[in-house]
Amino acid sequence: FATAKTNRNMALVVFEVESMSSSYIPGHYGCVVLANCVAPMIVSIMLGGNVMQARKKYNVQYPNLYATPGHHDHADEFNQIQRGHQNMLESAMFWIPMSLVAGLENPLAVAIGGVFYNIGCVAYQGGYTKGAEKRNSGLGVCKYVGLLTSLICSIKFAVKRV
(Lines give C-alpha, C1' and ligand atoms only; values in the text may rest on other atoms or scores of the structure.)
Protein backbone atom coordinates (compact mmCIF):
# COMPACT_ATOMS: atom_id res chain seq x y z
CA PHE A 1 0.00 0.00 0.00
CA ALA A 2 2.31 2.69 1.24
CA THR A 3 5.89 3.22 2.23
CA ALA A 4 6.80 5.46 5.13
CA LYS A 5 9.78 7.79 5.34
CA THR A 6 10.72 9.45 8.58
CA ASN A 7 12.81 12.50 9.24
CA ARG A 8 14.74 11.89 12.46
CA ASN A 9 14.91 15.57 13.34
CA MET A 10 11.22 16.32 12.96
CA ALA A 11 9.65 12.93 13.70
CA LEU A 12 7.46 13.51 10.67
CA VAL A 13 6.08 10.63 8.70
CA VAL A 14 5.37 11.09 5.01
CA PHE A 15 3.52 8.44 3.11
CA GLU A 16 4.12 7.74 -0.54
CA VAL A 17 1.02 5.96 -1.73
CA GLU A 18 1.59 3.70 -4.69
CA SER A 19 -1.07 3.65 -7.34
CA MET A 20 -3.84 1.43 -6.08
CA SER A 21 -5.66 -0.98 -8.33
CA SER A 22 -8.35 -3.57 -7.90
CA SER A 23 -5.65 -6.16 -7.28
CA TYR A 24 -5.74 -5.11 -3.62
CA ILE A 25 -9.36 -6.26 -3.38
CA PRO A 26 -9.53 -10.06 -3.28
CA GLY A 27 -11.71 -12.11 -5.55
CA HIS A 28 -15.16 -12.78 -4.11
CA TYR A 29 -14.99 -9.60 -1.99
CA GLY A 30 -18.25 -8.56 -3.63
CA CYS A 31 -19.85 -11.48 -1.79
CA VAL A 32 -18.68 -9.91 1.48
CA VAL A 33 -20.27 -6.59 0.54
CA LEU A 34 -23.54 -8.25 -0.47
CA ALA A 35 -23.82 -10.57 2.55
CA ASN A 36 -22.39 -8.26 5.19
CA CYS A 37 -23.51 -4.77 4.08
CA VAL A 38 -26.43 -4.99 1.65
CA ALA A 39 -28.27 -7.97 3.16
CA PRO A 40 -28.17 -6.66 6.76
CA MET A 41 -29.73 -3.40 5.57
CA ILE A 42 -32.55 -5.32 3.90
CA VAL A 43 -32.98 -7.56 6.97
CA SER A 44 -33.08 -4.52 9.25
CA ILE A 45 -35.78 -2.91 7.11
CA MET A 46 -37.79 -6.15 7.25
CA LEU A 47 -37.43 -6.45 11.04
CA GLY A 48 -38.24 -2.76 11.45
CA GLY A 49 -41.36 -3.32 9.34
CA ASN A 50 -42.46 -5.98 11.81
CA VAL A 51 -42.03 -3.43 14.61
CA MET A 52 -44.12 -0.87 12.70
CA GLN A 53 -46.90 -3.42 12.21
CA ALA A 54 -46.74 -4.27 15.91
CA ARG A 55 -46.98 -0.56 16.82
CA LYS A 56 -50.28 -0.36 14.97
CA LYS A 57 -51.57 -3.70 16.21
CA TYR A 58 -50.73 -3.07 19.90
CA ASN A 59 -51.25 0.73 19.83
CA VAL A 60 -47.75 1.70 20.95
CA GLN A 61 -47.27 5.30 19.85
CA TYR A 62 -44.09 7.24 19.33
CA PRO A 63 -41.91 8.39 21.04
CA ASN A 64 -42.12 5.19 23.10
CA LEU A 65 -39.34 2.83 22.06
CA TYR A 66 -40.91 0.10 24.18
CA ALA A 67 -44.40 -0.52 25.51
CA THR A 68 -44.94 0.13 29.20
CA PRO A 69 -46.43 -2.76 31.19
CA GLY A 70 -49.59 -1.58 32.93
CA HIS A 71 -50.05 1.23 30.41
CA HIS A 72 -50.09 -0.80 27.20
CA ASP A 73 -52.35 -3.84 27.17
CA HIS A 74 -49.97 -5.98 25.12
CA ALA A 75 -46.63 -4.63 26.34
CA ASP A 76 -44.82 -7.96 26.41
CA GLU A 77 -45.93 -8.93 22.92
CA PHE A 78 -44.79 -5.63 21.43
CA ASN A 79 -41.55 -5.53 23.40
CA GLN A 80 -40.58 -9.00 22.21
CA ILE A 81 -40.89 -7.91 18.57
CA GLN A 82 -39.03 -4.68 19.29
CA ARG A 83 -36.21 -6.52 21.08
CA GLY A 84 -35.80 -8.84 18.10
CA HIS A 85 -35.00 -5.84 15.91
CA GLN A 86 -33.04 -3.94 18.54
CA ASN A 87 -30.79 -6.94 19.13
CA MET A 88 -29.70 -6.90 15.50
CA LEU A 89 -28.95 -3.17 15.65
CA GLU A 90 -26.85 -3.69 18.78
CA SER A 91 -24.57 -6.23 17.12
CA ALA A 92 -24.50 -4.94 13.53
CA MET A 93 -22.61 -1.78 14.41
CA PHE A 94 -19.61 -3.90 15.43
CA TRP A 95 -20.11 -6.84 13.10
CA ILE A 96 -20.30 -4.99 9.76
CA PRO A 97 -16.95 -3.12 10.00
CA MET A 98 -15.29 -6.22 11.47
CA SER A 99 -16.58 -8.26 8.53
CA LEU A 100 -15.32 -5.77 5.95
CA VAL A 101 -11.81 -6.04 7.38
CA ALA A 102 -11.91 -9.80 7.87
CA GLY A 103 -13.25 -10.27 4.35
CA LEU A 104 -10.05 -8.86 2.87
CA GLU A 105 -8.30 -12.08 3.81
CA ASN A 106 -11.12 -14.63 4.03
CA PRO A 107 -13.86 -13.35 1.72
CA LEU A 108 -15.80 -16.58 1.22
CA ALA A 109 -15.78 -17.60 4.88
CA VAL A 110 -16.88 -14.11 5.97
CA ALA A 111 -19.58 -13.94 3.27
CA ILE A 112 -20.95 -17.33 4.30
CA GLY A 113 -20.86 -16.14 7.91
CA GLY A 114 -22.83 -13.10 6.76
CA VAL A 115 -25.55 -15.32 5.34
CA PHE A 116 -25.72 -17.15 8.68
CA TYR A 117 -25.88 -13.84 10.57
CA ASN A 118 -28.79 -12.56 8.49
CA ILE A 119 -30.75 -15.80 8.70
CA GLY A 120 -30.10 -15.85 12.44
CA CYS A 121 -31.35 -12.27 12.92
CA VAL A 122 -34.64 -13.05 11.19
CA ALA A 123 -35.02 -16.29 13.15
CA TYR A 124 -34.07 -14.54 16.41
CA GLN A 125 -36.91 -12.05 16.05
CA GLY A 126 -39.29 -14.82 15.01
CA GLY A 127 -38.37 -16.85 18.08
CA TYR A 128 -38.56 -13.83 20.36
CA THR A 129 -42.16 -13.16 19.29
CA LYS A 130 -43.05 -16.58 20.71
CA GLY A 131 -41.44 -15.75 24.04
CA ALA A 132 -38.16 -14.35 25.33
CA GLU A 133 -36.90 -17.82 26.23
CA LYS A 134 -37.33 -18.96 22.58
CA ARG A 135 -35.26 -16.19 20.98
CA ASN A 136 -32.27 -18.46 20.36
CA SER A 137 -34.25 -21.53 19.42
CA GLY A 138 -34.13 -22.99 15.94
CA LEU A 139 -32.11 -20.97 13.47
CA GLY A 140 -31.63 -18.05 15.88
CA VAL A 141 -28.23 -19.46 16.84
CA CYS A 142 -27.06 -18.98 13.23
CA LYS A 143 -26.52 -15.33 14.09
CA TYR A 144 -23.74 -16.28 16.46
CA VAL A 145 -22.07 -18.46 13.81
CA GLY A 146 -21.86 -15.36 11.61
CA LEU A 147 -20.60 -13.18 14.45
CA LEU A 148 -17.94 -15.68 15.46
CA THR A 149 -16.80 -16.24 11.87
CA SER A 150 -16.09 -12.53 11.42
CA LEU A 151 -14.55 -12.24 14.88
CA ILE A 152 -12.15 -15.16 14.35
CA CYS A 153 -11.21 -14.04 10.84
CA SER A 154 -10.62 -10.45 11.95
CA ILE A 155 -8.43 -11.60 14.86
CA LYS A 156 -6.47 -13.76 12.43
CA PHE A 157 -6.13 -10.76 10.08
CA ALA A 158 -4.91 -8.49 12.89
CA VAL A 159 -2.46 -10.95 14.44
CA LYS A 160 -0.72 -11.45 11.10
CA ARG A 161 -0.12 -7.71 10.92
CA VAL A 162 1.01 -6.92 14.44
# chains A, B, ... in the order shown; residues from 1 in each chain; ligands from 1
$ closest_atom_pairs --of "segment 79-122 of chain A" --to "segment 148-152 of chain A" --cutoff "6 Å" --atoms "only C-alpha atoms" --output "Markdown table"
| residue | atom | partner | partner_atom | distance |
| --- | --- | --- | --- | --- |
| A:Ser99 | CA | A:Ser150 | CA | 5.2 |
| A:Val110 | CA | A:Ser150 | CA | 5.7 |
| A:Gly113 | CA | A:Thr149 | CA | 5.7 |
$ write_last_selection --atoms "all heavy atoms" --output "PDB file, in the first residue's frame"
ATOM      1  N   SER A  99     -16.458  -7.366   9.678  1.00  0.00           N
ATOM      2  CA  SER A  99     -16.583  -8.259   8.526  1.00  0.00           C
ATOM      3  C   SER A  99     -15.889  -7.690   7.296  1.00  0.00           C
ATOM      4  O   SER A  99     -15.285  -8.437   6.522  1.00  0.00           O
ATOM      5  CB  SER A  99     -18.061  -8.489   8.205  1.00  0.00           C
ATOM      6  OG  SER A  99     -18.702  -9.139   9.264  1.00  0.00           O
ATOM      7  N   VAL A 110     -16.172 -15.240   5.363  1.00  0.00           N
ATOM      8  CA  VAL A 110     -16.883 -14.114   5.965  1.00  0.00           C
ATOM      9  C   VAL A 110     -18.238 -13.905   5.289  1.00  0.00           C
ATOM     10  O   VAL A 110     -19.234 -13.615   5.959  1.00  0.00           O
ATOM     11  CB  VAL A 110     -16.008 -12.840   5.918  1.00  0.00           C
ATOM     12  CG1 VAL A 110     -16.793 -11.614   6.348  1.00  0.00           C
ATOM     13  CG2 VAL A 110     -14.776 -13.018   6.805  1.00  0.00           C
ATOM     14  N   GLY A 113     -20.484 -16.561   6.556  1.00  0.00           N
ATOM     15  CA  GLY A 113     -20.858 -16.144   7.908  1.00  0.00           C
ATOM     16  C   GLY A 113     -21.914 -15.055   7.887  1.00  0.00           C
ATOM     17  O   GLY A 113     -22.812 -15.022   8.727  1.00  0.00           O
TER      18      GLY A 113
END
$ select_by_dssp --residues "chain A" --states "strand (DSSP E)" --output "PyMOL selection string"
chain A and resi 2-7+12-17
$ write_last_selection --atoms "N, CA, C and O atoms" --output "mmCIF file, in the first residue's frame"
data_model
loop_
_atom_site.group_PDB
_atom_site.id
_atom_site.type_symbol
_atom_site.label_atom_id
_atom_site.label_comp_id
_atom_site.auth_asym_id
_atom_site.auth_seq_id
_atom_site.Cartn_x
_atom_site.Cartn_y
_atom_site.Cartn_z
ATOM 1 N N ALA A 2 1.575 1.450 1.095
ATOM 2 C CA ALA A 2 2.310 2.694 1.242
ATOM 3 C C ALA A 2 3.664 2.417 1.861
ATOM 4 O O ALA A 2 3.854 1.433 2.558
ATOM 5 N N THR A 3 4.594 3.301 1.571
ATOM 6 C CA THR A 3 5.886 3.223 2.231
ATOM 7 C C THR A 3 6.033 4.465 3.088
ATOM 8 O O THR A 3 5.563 5.540 2.720
ATOM 9 N N ALA A 4 6.647 4.325 4.221
ATOM 10 C CA ALA A 4 6.798 5.460 5.128
ATOM 11 C C ALA A 4 8.249 5.909 5.160
ATOM 12 O O ALA A 4 9.163 5.092 5.145
ATOM 13 N N LYS A 5 8.447 7.209 5.182
ATOM 14 C CA LYS A 5 9.776 7.786 5.338
ATOM 15 C C LYS A 5 9.727 8.700 6.544
ATOM 16 O O LYS A 5 8.790 9.473 6.713
ATOM 17 N N THR A 6 10.704 8.597 7.398
ATOM 18 C CA THR A 6 10.721 9.450 8.582
ATOM 19 C C THR A 6 11.922 10.375 8.540
ATOM 20 O O THR A 6 12.969 10.035 8.003
ATOM 21 N N ASN A 7 11.736 11.536 9.076
ATOM 22 C CA ASN A 7 12.811 12.500 9.242
ATOM 23 C C ASN A 7 13.163 12.484 10.715
ATOM 24 O O ASN A 7 12.342 12.833 11.558
ATOM 25 N N LEU A 12 8.567 13.347 11.593
ATOM 26 C CA LEU A 12 7.461 13.514 10.669
ATOM 27 C C LEU A 12 7.406 12.294 9.765
ATOM 28 O O LEU A 12 8.434 11.837 9.263
ATOM 29 N N VAL A 13 6.241 11.784 9.563
ATOM 30 C CA VAL A 13 6.077 10.628 8.702
ATOM 31 C C VAL A 13 5.371 11.075 7.431
ATOM 32 O O VAL A 13 4.336 11.716 7.479
ATOM 33 N N VAL A 14 5.949 10.749 6.308
ATOM 34 C CA VAL A 14 5.372 11.088 5.015
ATOM 35 C C VAL A 14 5.080 9.781 4.301
ATOM 36 O O VAL A 14 5.937 8.906 4.217
ATOM 37 N N PHE A 15 3.901 9.659 3.800
ATOM 38 C CA PHE A 15 3.520 8.442 3.107
ATOM 39 C C PHE A 15 3.546 8.668 1.605
ATOM 40 O O PHE A 15 3.039 9.658 1.112
ATOM 41 N N GLU A 16 4.169 7.748 0.908
ATOM 42 C CA GLU A 16 4.119 7.740 -0.540
ATOM 43 C C GLU A 16 3.179 6.612 -0.934
ATOM 44 O O GLU A 16 3.494 5.446 -0.777
ATOM 45 N N VAL A 17 2.020 6.958 -1.388
ATOM 46 C CA VAL A 17 1.023 5.956 -1.735
ATOM 47 C C VAL A 17 1.242 5.529 -3.173
ATOM 48 O O VAL A 17 1.260 6.358 -4.079
#
$ atom_distance --atom1 "atom CA of Asn50 of chain A" --atom2 "atom CA of Phe116 of chain A"
20.4 Å
$ residues_around --residues "Leu104 of chain A" --least-positions-apart "2" --cutoff "8 Å" --atoms "only C-alpha atoms" --output "list of chain:residue names"
A:Ile25, A:Pro26, A:Tyr29, A:Leu100, A:Val101, A:Ala102, A:Asn106, A:Pro107
$ write_last_selection --atoms "N, CA and C atoms" --output "mmCIF file, in the first residue's frame"
data_model
loop_
_atom_site.group_PDB
_atom_site.id
_atom_site.type_symbol
_atom_site.label_atom_id
_atom_site.label_comp_id
_atom_site.auth_asym_id
_atom_site.auth_seq_id
_atom_site.Cartn_x
_atom_site.Cartn_y
_atom_site.Cartn_z
ATOM 1 N N ILE A 25 -8.078 -5.730 -3.834
ATOM 2 C CA ILE A 25 -9.362 -6.265 -3.378
ATOM 3 C C ILE A 25 -9.430 -7.718 -3.833
ATOM 4 N N PRO A 26 -9.561 -8.641 -2.898
ATOM 5 C CA PRO A 26 -9.534 -10.063 -3.284
ATOM 6 C C PRO A 26 -10.761 -10.469 -4.086
ATOM 7 N N TYR A 29 -14.712 -10.618 -3.008
ATOM 8 C CA TYR A 29 -14.985 -9.604 -1.986
ATOM 9 C C TYR A 29 -16.382 -9.007 -2.168
ATOM 10 N N LEU A 100 -15.972 -6.377 7.112
ATOM 11 C CA LEU A 100 -15.321 -5.767 5.955
ATOM 12 C C LEU A 100 -13.812 -5.921 6.019
ATOM 13 N N VAL A 101 -13.249 -5.836 7.210
ATOM 14 C CA VAL A 101 -11.807 -6.038 7.380
ATOM 15 C C VAL A 101 -11.468 -7.517 7.229
ATOM 16 N N ALA A 102 -12.185 -8.370 7.920
ATOM 17 C CA ALA A 102 -11.906 -9.804 7.868
ATOM 18 C C ALA A 102 -12.070 -10.369 6.461
ATOM 19 N N ASN A 106 -10.289 -13.421 4.105
ATOM 20 C CA ASN A 106 -11.123 -14.634 4.027
ATOM 21 C C ASN A 106 -12.499 -14.296 3.471
ATOM 22 N N PRO A 107 -12.566 -13.857 2.219
ATOM 23 C CA PRO A 107 -13.857 -13.355 1.722
ATOM 24 C C PRO A 107 -14.987 -14.387 1.702
#
$ atom_distance --atom1 "atom CA of Asn79 of chain A" --atom2 "atom CA of Pro97 of chain A"
28.1 Å
$ atom_distance --atom1 "atom CA of Gly140 of chain A" --atom2 "atom CA of Phe157 of chain A"
27.1 Å
$ closest_residue --among "A:Ile112, A:Val33, A:Met52, A:Leu147" --to "Tyr66 of chain A" --atoms "only C-alpha atoms"
A:Met52
